[in-house]
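Just data_11.pdb here, PDB, C-alpha atoms, pLDDT in the B column:
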ATOM      1  CA  MET A   1      13.566  48.874 -37.644  1.00 45.00           C
ATOM      2  CA  GLY A   2      14.155  45.176 -37.283  1.00 51.00           C
ATOM      3  CA  PHE A   3      15.825  45.363 -33.891  1.00 64.00           C
ATOM      4  CA  ALA A   4      14.912  46.735 -30.504  1.00 70.00           C
ATOM      5  CA  SER A   5      16.270  50.102 -29.470  1.00 82.00           C
ATOM      6  CA  PRO A   6      16.529  50.441 -25.719  1.00 90.00           C
ATOM      7  CA  THR A   7      16.142  53.808 -24.071  1.00 95.00           C
ATOM      8  CA  LEU A   8      19.540  55.040 -22.932  1.00 97.00           C
ATOM      9  CA  ARG A   9      19.331  56.425 -19.402  1.00 98.00           C
ATOM     10  CA  LEU A  10      22.155  58.681 -18.301  1.00 98.00           C
ATOM     11  CA  ALA A  11      22.566  60.272 -14.900  1.00 98.00           C
ATOM     12  CA  GLU A  12      23.391  63.963 -15.052  1.00 97.00           C
ATOM     13  CA  ASP A  13      26.976  63.417 -13.894  1.00 97.00           C
ATOM     14  CA  GLN A  14      27.452  60.731 -16.564  1.00 98.00           C
ATOM     15  CA  TYR A  15      26.187  63.140 -19.208  1.00 98.00           C
ATOM     16  CA  ARG A  16      28.576  65.813 -17.933  1.00 98.00           C
ATOM     17  CA  THR A  17      31.494  63.363 -17.989  1.00 98.00           C
ATOM     18  CA  ILE A  18      30.798  62.404 -21.603  1.00 98.00           C
ATOM     19  CA  VAL A  19      30.281  65.922 -22.900  1.00 98.00           C
ATOM     20  CA  GLY A  20      33.136  67.344 -20.800  1.00 98.00           C
ATOM     21  CA  HIS A  21      35.533  64.725 -22.156  1.00 98.00           C
ATOM     22  CA  CYS A  22      34.440  65.617 -25.688  1.00 98.00           C
ATOM     23  CA  TYR A  23      35.267  69.313 -25.110  1.00 98.00           C
ATOM     24  CA  ASP A  24      38.537  68.408 -23.377  1.00 98.00           C
ATOM     25  CA  GLY A  25      39.568  66.440 -26.453  1.00 97.00           C
ATOM     26  CA  LEU A  26      39.269  69.348 -28.892  1.00 97.00           C
ATOM     27  CA  PRO A  27      40.485  69.842 -31.556  1.00 97.00           C
ATOM     28  CA  ASP A  28      40.516  66.037 -31.806  1.00 98.00           C
ATOM     29  CA  GLU A  29      37.632  63.621 -31.574  1.00 98.00           C
ATOM     30  CA  ALA A  30      37.166  62.234 -28.071  1.00 98.00           C
ATOM     31  CA  CYS A  31      35.880  58.780 -27.202  1.00 98.00           C
ATOM     32  CA  GLY A  32      34.920  56.531 -24.336  1.00 98.00           C
ATOM     33  CA  LEU A  33      33.115  53.401 -23.253  1.00 98.00           C
ATOM     34  CA  LEU A  34      29.858  52.705 -21.448  1.00 98.00           C
ATOM     35  CA  ILE A  35      29.479  49.911 -18.899  1.00 98.00           C
ATOM     36  CA  GLY A  36      26.150  48.509 -17.853  1.00 98.00           C
ATOM     37  CA  PRO A  37      23.977  45.476 -17.285  1.00 97.00           C
ATOM     38  CA  VAL A  38      22.849  43.211 -20.112  1.00 95.00           C
ATOM     39  CA  SER A  39      20.202  40.600 -20.638  1.00 92.00           C
ATOM     40  CA  ASP A  40      21.038  37.918 -23.226  1.00 88.00           C
ATOM     41  CA  SER A  41      23.925  40.156 -24.387  1.00 85.00           C
ATOM     42  CA  GLU A  42      21.503  43.017 -25.065  1.00 91.00           C
ATOM     43  CA  PRO A  43      22.125  46.271 -23.166  1.00 94.00           C
ATOM     44  CA  LEU A  44      19.255  47.286 -20.921  1.00 94.00           C
ATOM     45  CA  GLY A  45      20.030  50.964 -21.526  1.00 95.00           C
ATOM     46  CA  VAL A  46      21.149  51.632 -17.956  1.00 96.00           C
ATOM     47  CA  VAL A  47      24.739  52.768 -17.542  1.00 98.00           C
ATOM     48  CA  SER A  48      26.665  51.910 -14.379  1.00 98.00           C
ATOM     49  CA  GLU A  49      29.859  53.678 -15.422  1.00 98.00           C
ATOM     50  CA  VAL A  50      31.103  55.949 -18.180  1.00 98.00           C
ATOM     51  CA  ARG A  51      34.801  55.646 -18.923  1.00 98.00           C
ATOM     52  CA  PRO A  52      36.589  58.407 -20.823  1.00 98.00           C
ATOM     53  CA  CYS A  53      39.284  56.872 -23.039  1.00 98.00           C
ATOM     54  CA  ARG A  54      42.228  58.169 -25.011  1.00 98.00           C
ATOM     55  CA  ASN A  55      41.880  58.525 -28.778  1.00 98.00           C
ATOM     56  CA  GLU A  56      44.819  56.517 -30.083  1.00 96.00           C
ATOM     57  CA  ASN A  57      44.515  58.245 -33.459  1.00 97.00           C
ATOM     58  CA  ALA A  58      44.742  61.749 -31.921  1.00 97.00           C
ATOM     59  CA  SER A  59      42.721  62.923 -34.911  1.00 97.00           C
ATOM     60  CA  ALA A  60      39.944  65.416 -35.585  1.00 96.00           C
ATOM     61  CA  ILE A  61      38.288  63.053 -38.069  1.00 96.00           C
ATOM     62  CA  THR A  62      38.770  59.521 -36.701  1.00 97.00           C
ATOM     63  CA  TYR A  63      39.085  57.754 -33.396  1.00 98.00           C
ATOM     64  CA  ARG A  64      40.391  54.474 -32.079  1.00 98.00           C
ATOM     65  CA  ILE A  65      39.928  53.746 -28.406  1.00 98.00           C
ATOM     66  CA  ASP A  66      43.270  53.168 -26.692  1.00 98.00           C
ATOM     67  CA  GLY A  67      43.650  49.420 -26.243  1.00 97.00           C
ATOM     68  CA  ARG A  68      44.807  49.869 -22.642  1.00 97.00           C
ATOM     69  CA  ASP A  69      41.674  51.809 -21.810  1.00 98.00           C
ATOM     70  CA  GLN A  70      39.534  49.128 -23.446  1.00 97.00           C
ATOM     71  CA  GLY A  71      41.295  46.478 -21.331  1.00 96.00           C
ATOM     72  CA  ALA A  72      40.761  48.479 -18.148  1.00 97.00           C
ATOM     73  CA  ALA A  73      37.084  48.910 -19.029  1.00 97.00           C
ATOM     74  CA  MET A  74      36.722  45.162 -19.568  1.00 95.00           C
ATOM     75  CA  ARG A  75      38.139  44.532 -16.122  1.00 95.00           C
ATOM     76  CA  ALA A  76      35.918  47.161 -14.507  1.00 97.00           C
ATOM     77  CA  ALA A  77      32.860  45.708 -16.213  1.00 96.00           C
ATOM     78  CA  ARG A  78      33.669  42.172 -15.130  1.00 94.00           C
ATOM     79  CA  GLU A  79      34.166  43.290 -11.520  1.00 96.00           C
ATOM     80  CA  ARG A  80      30.647  44.732 -11.558  1.00 96.00           C
ATOM     81  CA  GLY A  81      29.155  41.696 -13.271  1.00 96.00           C
ATOM     82  CA  HIS A  82      28.361  43.999 -16.181  1.00 97.00           C
ATOM     83  CA  GLU A  83      29.640  44.351 -19.725  1.00 96.00           C
ATOM     84  CA  ILE A  84      30.782  47.077 -22.044  1.00 97.00           C
ATOM     85  CA  VAL A  85      27.454  48.090 -23.565  1.00 97.00           C
ATOM     86  CA  GLY A  86      28.447  50.931 -25.833  1.00 98.00           C
ATOM     87  CA  CYS A  87      30.816  53.676 -26.730  1.00 98.00           C
ATOM     88  CA  TRP A  88      30.669  57.344 -27.443  1.00 98.00           C
ATOM     89  CA  HIS A  89      32.657  59.703 -29.581  1.00 98.00           C
ATOM     90  CA  SER A  90      32.496  63.295 -30.675  1.00 98.00           C
ATOM     91  CA  HIS A  91      31.973  64.793 -34.084  1.00 98.00           C
ATOM     92  CA  THR A  92      33.680  68.137 -33.911  1.00 96.00           C
ATOM     93  CA  HIS A  93      32.235  69.653 -37.076  1.00 95.00           C
ATOM     94  CA  THR A  94      29.373  67.395 -38.166  1.00 96.00           C
ATOM     95  CA  ASP A  95      26.011  66.112 -36.955  1.00 96.00           C
ATOM     96  CA  ALA A  96      25.531  63.723 -34.044  1.00 98.00           C
ATOM     97  CA  TYR A  97      24.829  60.962 -36.541  1.00 98.00           C
ATOM     98  CA  PRO A  98      26.915  57.873 -37.387  1.00 98.00           C
ATOM     99  CA  SER A  99      29.340  58.396 -40.264  1.00 97.00           C
ATOM    100  CA  PRO A 100      29.780  55.686 -42.919  1.00 96.00           C
ATOM    101  CA  THR A 101      32.952  54.637 -41.051  1.00 96.00           C
ATOM    102  CA  ASP A 102      30.991  54.379 -37.804  1.00 97.00           C
ATOM    103  CA  VAL A 103      28.406  52.170 -39.497  1.00 97.00           C
ATOM    104  CA  GLU A 104      31.102  49.959 -41.012  1.00 96.00           C
ATOM    105  CA  GLN A 105      32.932  49.576 -37.703  1.00 95.00           C
ATOM    106  CA  ALA A 106      29.750  48.806 -35.763  1.00 96.00           C
ATOM    107  CA  LYS A 107      29.711  45.295 -37.246  1.00 94.00           C
ATOM    108  CA  TYR A 108      32.274  44.329 -34.627  1.00 94.00           C
ATOM    109  CA  TYR A 109      29.972  45.209 -31.742  1.00 95.00           C
ATOM    110  CA  PRO A 110      26.434  44.998 -33.143  1.00 94.00           C
ATOM    111  CA  GLU A 111      24.806  44.779 -29.711  1.00 94.00           C
ATOM    112  CA  TRP A 112      26.243  48.083 -28.468  1.00 96.00           C
ATOM    113  CA  ILE A 113      24.634  51.486 -28.081  1.00 97.00           C
ATOM    114  CA  TYR A 114      26.554  54.130 -30.026  1.00 98.00           C
ATOM    115  CA  VAL A 115      26.514  57.642 -28.589  1.00 98.00           C
ATOM    116  CA  LEU A 116      27.461  60.560 -30.802  1.00 98.00           C
ATOM    117  CA  VAL A 117      28.168  64.036 -29.460  1.00 98.00           C
ATOM    118  CA  SER A 118      28.240  66.901 -31.936  1.00 98.00           C
ATOM    119  CA  LEU A 119      30.210  69.967 -30.946  1.00 97.00           C
ATOM    120  CA  ARG A 120      29.488  71.737 -34.195  1.00 96.00           C
ATOM    121  CA  ASP A 121      27.057  74.266 -32.793  1.00 94.00           C
ATOM    122  CA  GLY A 122      27.048  76.445 -29.707  1.00 88.00           C
ATOM    123  CA  ASP A 123      25.447  73.763 -27.547  1.00 95.00           C
ATOM    124  CA  PRO A 124      26.533  70.121 -27.542  1.00 97.00           C
ATOM    125  CA  MET A 125      24.102  67.637 -29.107  1.00 98.00           C
ATOM    126  CA  LEU A 126      24.104  64.088 -27.727  1.00 98.00           C
ATOM    127  CA  ARG A 127      22.217  61.330 -29.520  1.00 98.00           C
ATOM    128  CA  ALA A 128      22.308  57.533 -29.319  1.00 98.00           C
ATOM    129  CA  TYR A 129      21.867  54.753 -31.877  1.00 97.00           C
ATOM    130  CA  ARG A 130      21.865  51.050 -32.503  1.00 96.00           C
ATOM    131  CA  ILE A 131      23.723  50.115 -35.655  1.00 96.00           C
ATOM    132  CA  ARG A 132      23.156  46.622 -36.946  1.00 94.00           C
ATOM    133  CA  ASP A 133      23.726  45.105 -40.383  1.00 93.00           C
ATOM    134  CA  GLY A 134      24.323  48.577 -41.760  1.00 94.00           C
ATOM    135  CA  ALA A 135      20.977  49.880 -40.461  1.00 95.00           C
ATOM    136  CA  ILE A 136      20.789  52.784 -38.030  1.00 96.00           C
ATOM    137  CA  ALA A 137      18.034  53.116 -35.401  1.00 95.00           C
ATOM    138  CA  GLU A 138      17.937  55.992 -32.967  1.00 96.00           C
ATOM    139  CA  CYS A 139      17.535  55.329 -29.248  1.00 96.00           C
ATOM    140  CA  GLN A 140      15.673  57.668 -26.959  1.00 96.00           C
ATOM    141  CA  VAL A 141      17.967  59.275 -24.397  1.00 97.00           C
ATOM    142  CA  VAL A 142      16.632  60.091 -20.933  1.00 97.00           C
ATOM    143  CA  LEU A 143      18.623  62.283 -18.583  1.00 96.00           C
ATOM    144  CA  ASP A 144      18.003  61.291 -14.957  1.00 91.00           C
ATOM    145  CA  ARG A 145      18.334  64.283 -12.678  1.00 84.00           C
TER
ATOM    146  CA  MET B   1      65.138  33.452 -18.902  1.00 50.00           C
ATOM    147  CA  TYR B   2      63.784  29.952 -19.141  1.00 53.00           C
ATOM    148  CA  THR B   3      60.596  29.803 -21.148  1.00 70.00           C
ATOM    149  CA  ARG B   4      58.526  26.882 -22.259  1.00 80.00           C
ATOM    150  CA  ALA B   5      55.295  26.325 -24.095  1.00 85.00           C
ATOM    151  CA  VAL B   6      52.360  26.449 -21.706  1.00 89.00           C
ATOM    152  CA  PRO B   7      48.660  25.992 -22.340  1.00 91.00           C
ATOM    153  CA  VAL B   8      46.576  29.152 -22.404  1.00 95.00           C
ATOM    154  CA  GLU B   9      42.970  29.894 -23.190  1.00 96.00           C
ATOM    155  CA  VAL B  10      42.427  32.050 -26.267  1.00 97.00           C
ATOM    156  CA  ARG B  11      39.112  33.902 -26.462  1.00 96.00           C
ATOM    157  CA  LEU B  12      37.871  34.810 -29.901  1.00 96.00           C
ATOM    158  CA  PRO B  13      35.419  37.545 -30.873  1.00 93.00           C
ATOM    159  CA  THR B  14      32.200  36.608 -32.631  1.00 90.00           C
ATOM    160  CA  LEU B  15      33.460  37.597 -36.072  1.00 89.00           C
ATOM    161  CA  LEU B  16      36.516  35.313 -35.889  1.00 94.00           C
ATOM    162  CA  ARG B  17      34.718  32.255 -34.575  1.00 95.00           C
ATOM    163  CA  PRO B  18      33.726  30.952 -38.033  1.00 95.00           C
ATOM    164  CA  HIS B  19      37.467  30.568 -38.694  1.00 95.00           C
ATOM    165  CA  ALA B  20      37.804  28.328 -35.625  1.00 96.00           C
ATOM    166  CA  ASP B  21      34.901  25.943 -36.161  1.00 96.00           C
ATOM    167  CA  GLY B  22      32.598  28.310 -34.291  1.00 96.00           C
ATOM    168  CA  ALA B  23      34.487  28.161 -30.994  1.00 96.00           C
ATOM    169  CA  ALA B  24      34.354  31.148 -28.617  1.00 95.00           C
ATOM    170  CA  SER B  25      37.383  29.896 -26.770  1.00 96.00           C
ATOM    171  CA  VAL B  26      40.159  27.499 -27.733  1.00 96.00           C
ATOM    172  CA  SER B  27      43.228  26.160 -26.003  1.00 95.00           C
ATOM    173  CA  ALA B  28      46.623  26.826 -27.521  1.00 95.00           C
ATOM    174  CA  ALA B  29      50.202  26.508 -26.341  1.00 94.00           C
ATOM    175  CA  GLY B  30      53.269  28.686 -26.468  1.00 95.00           C
ATOM    176  CA  ALA B  31      55.800  30.623 -24.448  1.00 96.00           C
ATOM    177  CA  THR B  32      54.806  33.935 -26.017  1.00 97.00           C
ATOM    178  CA  VAL B  33      51.704  35.409 -27.615  1.00 97.00           C
ATOM    179  CA  GLY B  34      53.378  34.921 -31.014  1.00 96.00           C
ATOM    180  CA  ASP B  35      53.948  31.231 -30.297  1.00 96.00           C
ATOM    181  CA  VAL B  36      50.354  30.862 -29.174  1.00 96.00           C
ATOM    182  CA  PHE B  37      49.189  32.464 -32.425  1.00 96.00           C
ATOM    183  CA  ALA B  38      51.442  30.134 -34.436  1.00 96.00           C
ATOM    184  CA  ASP B  39      49.933  27.126 -32.678  1.00 96.00           C
ATOM    185  CA  LEU B  40      46.446  28.513 -33.219  1.00 96.00           C
ATOM    186  CA  THR B  41      46.864  29.323 -36.901  1.00 95.00           C
ATOM    187  CA  ALA B  42      48.476  25.930 -37.594  1.00 96.00           C
ATOM    188  CA  ARG B  43      45.147  24.426 -36.621  1.00 95.00           C
ATOM    189  CA  TYR B  44      42.938  27.223 -37.932  1.00 96.00           C
ATOM    190  CA  PRO B  45      44.723  28.721 -40.952  1.00 96.00           C
ATOM    191  CA  GLY B  46      41.792  31.045 -41.638  1.00 95.00           C
ATOM    192  CA  LEU B  47      42.707  33.039 -38.540  1.00 95.00           C
ATOM    193  CA  ALA B  48      46.192  33.935 -39.747  1.00 93.00           C
ATOM    194  CA  ASP B  49      45.263  36.974 -41.854  1.00 93.00           C
ATOM    195  CA  GLN B  50      42.956  38.229 -39.121  1.00 93.00           C
ATOM    196  CA  LEU B  51      45.559  38.331 -36.376  1.00 95.00           C
ATOM    197  CA  VAL B  52      48.801  39.398 -37.986  1.00 94.00           C
ATOM    198  CA  ASP B  53      49.410  41.749 -40.925  1.00 94.00           C
ATOM    199  CA  GLU B  54      51.854  41.410 -43.836  1.00 92.00           C
ATOM    200  CA  SER B  55      54.659  42.997 -41.800  1.00 94.00           C
ATOM    201  CA  GLY B  56      54.255  40.413 -39.036  1.00 92.00           C
ATOM    202  CA  SER B  57      52.711  42.825 -36.537  1.00 94.00           C
ATOM    203  CA  ILE B  58      49.417  42.468 -34.722  1.00 96.00           C
ATOM    204  CA  HIS B  59      46.695  43.510 -37.139  1.00 95.00           C
ATOM    205  CA  LYS B  60      45.532  47.079 -36.557  1.00 92.00           C
ATOM    206  CA  PHE B  61      41.877  46.036 -36.464  1.00 92.00           C
ATOM    207  CA  VAL B  62      42.331  43.926 -33.358  1.00 96.00           C
ATOM    208  CA  ASN B  63      43.599  44.349 -29.839  1.00 97.00           C
ATOM    209  CA  VAL B  64      45.250  41.402 -28.126  1.00 98.00           C
ATOM    210  CA  TYR B  65      45.195  41.088 -24.350  1.00 98.00           C
ATOM    211  CA  ARG B  66      47.135  38.940 -21.949  1.00 97.00           C
ATOM    212  CA  ASN B  67      44.558  38.824 -19.223  1.00 95.00           C
ATOM    213  CA  ASP B  68      43.425  42.494 -19.404  1.00 92.00           C
ATOM    214  CA  ASP B  69      46.703  44.028 -20.564  1.00 96.00           C
ATOM    215  CA  ASP B  70      47.065  45.160 -24.171  1.00 97.00           C
ATOM    216  CA  VAL B  71      50.152  43.344 -25.464  1.00 98.00           C
ATOM    217  CA  ARG B  72      50.882  46.215 -27.887  1.00 97.00           C
ATOM    218  CA  TYR B  73      52.065  48.085 -24.824  1.00 96.00           C
ATOM    219  CA  LEU B  74      53.947  45.080 -23.416  1.00 97.00           C
ATOM    220  CA  ASP B  75      56.247  43.190 -25.803  1.00 97.00           C
ATOM    221  CA  GLN B  76      53.743  42.801 -28.632  1.00 96.00           C
ATOM    222  CA  LEU B  77      53.964  39.262 -30.072  1.00 97.00           C
ATOM    223  CA  ASP B  78      56.988  38.569 -27.863  1.00 97.00           C
ATOM    224  CA  THR B  79      54.894  39.070 -24.726  1.00 97.00           C
ATOM    225  CA  LYS B  80      55.398  36.038 -22.500  1.00 97.00           C
ATOM    226  CA  VAL B  81      52.486  33.955 -21.296  1.00 96.00           C
ATOM    227  CA  ALA B  82      52.199  31.794 -18.209  1.00 95.00           C
ATOM    228  CA  ASP B  83      50.158  28.685 -17.558  1.00 92.00           C
ATOM    229  CA  GLY B  84      46.571  29.707 -17.012  1.00 91.00           C
ATOM    230  CA  ASP B  85      46.799  33.088 -18.717  1.00 95.00           C
ATOM    231  CA  VAL B  86      43.910  34.134 -20.902  1.00 96.00           C
ATOM    232  CA  VAL B  87      44.722  35.659 -24.278  1.00 97.00           C
ATOM    233  CA  SER B  88      41.749  37.646 -25.566  1.00 97.00           C
ATOM    234  CA  ILE B  89      41.407  38.938 -29.085  1.00 97.00           C
ATOM    235  CA  LEU B  90      39.004  41.831 -29.416  1.00 96.00           C
ATOM    236  CA  PRO B  91      38.132  44.054 -32.340  1.00 96.00           C
ATOM    237  CA  ALA B  92      39.412  47.580 -31.866  1.00 97.00           C
ATOM    238  CA  VAL B  93      36.749  50.212 -31.188  1.00 98.00           C
ATOM    239  CA  ALA B  94      37.127  52.782 -33.911  1.00 97.00           C
ATOM    240  CA  GLY B  95      35.233  55.067 -36.234  1.00 96.00           C
ATOM    241  CA  GLY B  96      35.163  58.467 -37.784  1.00 93.00           C
TER
END

Would you mind writing the file's structure down as C-alpha cells?
Amino acid sequence: MGFASPTLRLAEDQYRTIVGHCYDGLPDEACGLLIGPVSDSEPLGVVSEVRPCRNENASAITYRIDGRDQGAAMRAARERGHEIVGCWHSHTHTDAYPSPTDVEQAKYYPEWIYVLVSLRDGDPMLRAYRIRDGAIAECQVVLDR
Amino acid sequence: MYTRAVPVEVRLPTLLRPHADGAASVSAAGATVGDVFADLTARYPGLADQLVDESGSIHKFVNVYRNDDDVRYLDQLDTKVADGDVVSILPAVAGG
C-alpha cells in the first residue's frame, strides 16, 4: 500500500478491556478510543490507554462515539502528552473488516489505527487497519504478555 | 445574567480548514457558541453548512467542545463562552 502500517502493540489487559467492552455492549456495537504517542502525527503503534466509550447510536449496525467520551479522551491524551491514535468497534455479525461506512468515515481521521472486533464466531477476532483515501491496509497486531 | 461578546480561539479540524483559508485555529467573538459561529461564518461563509444543519442545530457529523466539554450536553449553541475559552470542532467518530 502507499502508506506505512505500524504494528499495533496491545498489552494483555488492554486487549481484555477492548474485547470485554465489545461483549458488554451486545446486542449493540461497542466502541472506544485508543490513546498513544505519535511522531509527526503518525501513531507509533504503542497504546498508553484504551478508553471504552458509549455508542451514542445504541445500534447493532452502526456506532457513533459519545461526544462526552471523546472530549474526556482528548483531555486524557493531552495530560499524557499523547494523542488519540485510533478507535475500535465491534461487528456483531460480520467479519473484523472495515465496512463501506467505516471506510467513508475514516476520511475524518486518516492517521488513525482502526481496530475491528468480530463477535460473529465462538471466539472474538481482533484485527487492525489503516484506512486512507479509501484504501485499506492491515496492521500487524502484537499482544504483549 | 450579563453576557458580552468575548474573544475565543476556535480550533478547526483538517477537513474544514480549506473553508477558513487553511487556518487550524482562528479567533472569533461571541457570548455563546452560536454567536461565535455567526462571527466565524460571516468571515468564512463556506463553514456555515459544515457547522449547523438546516434546522439550526449543530451538524450531526461534528462535535463541538467548549474546552473539553461537548456543548450538545450543555446548552448546545446557547452554551456561554468566557474570555480565553477554546471552542474545538471535531468530526464525530462513527461507522458501521

- Message: Applying 12 Å and all atoms listed in the file, which residues near A:Tyr63 remain after dropping the ones on its own chain fewer than 2 positions away? List them as JSON, numbers by chain.
- Response: {"A": [22, 25, 28, 29, 30, 31, 32, 53, 54, 55, 56, 57, 58, 59, 60, 61, 65, 66, 67, 87, 88, 89, 90, 91, 92, 99, 101, 102, 105], "B": [92, 93, 94, 95, 96]}

- Give me, please, the distance in Å between atom CA of A:Asp133 and atom CA of A:Tyr108, quoted to one decimal. 10.3 Å

Would you kindly translate the PyMOL selection byres ((chain B) within 9 of (chain A)) into the concrete residues it picks from this file, as a PDB file with C-alpha atoms, in the frame of the given file?
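In the end it all went to selection.pdb:
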ATOM      1  CA  PRO B  13      35.419  37.545 -30.873  1.00 93.00           C
ATOM      2  CA  THR B  14      32.200  36.608 -32.631  1.00 90.00           C
ATOM      3  CA  LEU B  15      33.460  37.597 -36.072  1.00 89.00           C
ATOM      4  CA  ASN B  63      43.599  44.349 -29.839  1.00 97.00           C
ATOM      5  CA  VAL B  64      45.250  41.402 -28.126  1.00 98.00           C
ATOM      6  CA  TYR B  65      45.195  41.088 -24.350  1.00 98.00           C
ATOM      7  CA  ASN B  67      44.558  38.824 -19.223  1.00 95.00           C
ATOM      8  CA  ASP B  68      43.425  42.494 -19.404  1.00 92.00           C
ATOM      9  CA  ASP B  69      46.703  44.028 -20.564  1.00 96.00           C
ATOM     10  CA  ASP B  70      47.065  45.160 -24.171  1.00 97.00           C
ATOM     11  CA  VAL B  71      50.152  43.344 -25.464  1.00 98.00           C
ATOM     12  CA  ARG B  72      50.882  46.215 -27.887  1.00 97.00           C
ATOM     13  CA  TYR B  73      52.065  48.085 -24.824  1.00 96.00           C
ATOM     14  CA  LEU B  90      39.004  41.831 -29.416  1.00 96.00           C
ATOM     15  CA  PRO B  91      38.132  44.054 -32.340  1.00 96.00           C
ATOM     16  CA  ALA B  92      39.412  47.580 -31.866  1.00 97.00           C
ATOM     17  CA  VAL B  93      36.749  50.212 -31.188  1.00 98.00           C
ATOM     18  CA  ALA B  94      37.127  52.782 -33.911  1.00 97.00           C
ATOM     19  CA  GLY B  95      35.233  55.067 -36.234  1.00 96.00           C
ATOM     20  CA  GLY B  96      35.163  58.467 -37.784  1.00 93.00           C
TER      21      GLY B  96
END

- atom CA of B:Gly22 to atom CA of B:Val62: how many Å, to one decimal?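 Interatomic distance, atom CA of B:Gly22 to atom CA of B:Val62: 18.4 Å.
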
- Can you tell me how far atom CA of A:Val142 sits from atom CA of A:Leu26, in Å to one decimal?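 Between these atoms lies a distance of 25.7 Å.
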
- Nearest candidate to B:Ala48 (options B:Ala82, B:Ala20, B:Gly30, B:Leu74; using only C-alpha atoms):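 Closest to B:Ala48, using only C-alpha atoms: B:Ala20.
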
- Task: Would you kindly return, as a list in words, each protein, DNA or RNA residue with an atom no farther than 12 Å from any atom of A:Gly81, considering all atoms listed in the file and excluding same-chain residues fewer than 2 positions away?
- Result: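 Within the cut-off, the hits are Ile35, Gly36, Pro37, Val38, Ser39, Ser48, Met74, Arg75, Ala76, Ala77, Arg78, Glu79, Glu83 and Ile84 of chain A.
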
- Could you write out as a ChimeraX atom specification the residues that the PyMOL selection byres ((chain B and resi 85) around 7) matches in the shown file? /B:8-9,66-67,81-84,86-87

- Query: Using only C-alpha atoms, which residues sit within 12 Å of B:Leu47 once same-chain residues fewer than 5 positions away are excluded, as a list in words?
  - Reply: Leu12, Pro13, Leu15, Leu16, Arg17, Pro18, His19, Ala20, Asp21, Gly22, Phe37, Ala38, Asp39, Leu40, Thr41, Ala42, Val52, Asp53, His59 and Ile89 of chain B

- Message: Please enumerate the residues selected by the PyMOL selection byres ((chain B and resi 25) around 8) when evaluated against the supplied file, formatted as a PyMOL selection string.
- Response: chain B and resi 9-12+23-24+26-27

- Write out as JSON, numbers by chain the residues lying within 12 Å of stretch 135-141 of chain A, counting all atoms listed in the file and excluding same-chain residues fewer than 2 positions away. {"A": [1, 2, 3, 4, 5, 6, 7, 8, 9, 10, 11, 12, 15, 43, 44, 45, 46, 47, 96, 97, 98, 99, 100, 102, 103, 104, 106, 107, 110, 112, 113, 114, 115, 116, 125, 126, 127, 128, 129, 130, 131, 132, 133, 143, 144]}

Stretch 29-39 of chain A: axis-aligned bounding box, 3 Å on each side, centre and edge lengths in Å, one decimal, as AutoDock Vina command-line options:
--center_x 28.9 --center_y 52.1 --center_z -24.4 --size_x 23.4 --size_y 29.0 --size_z 20.3
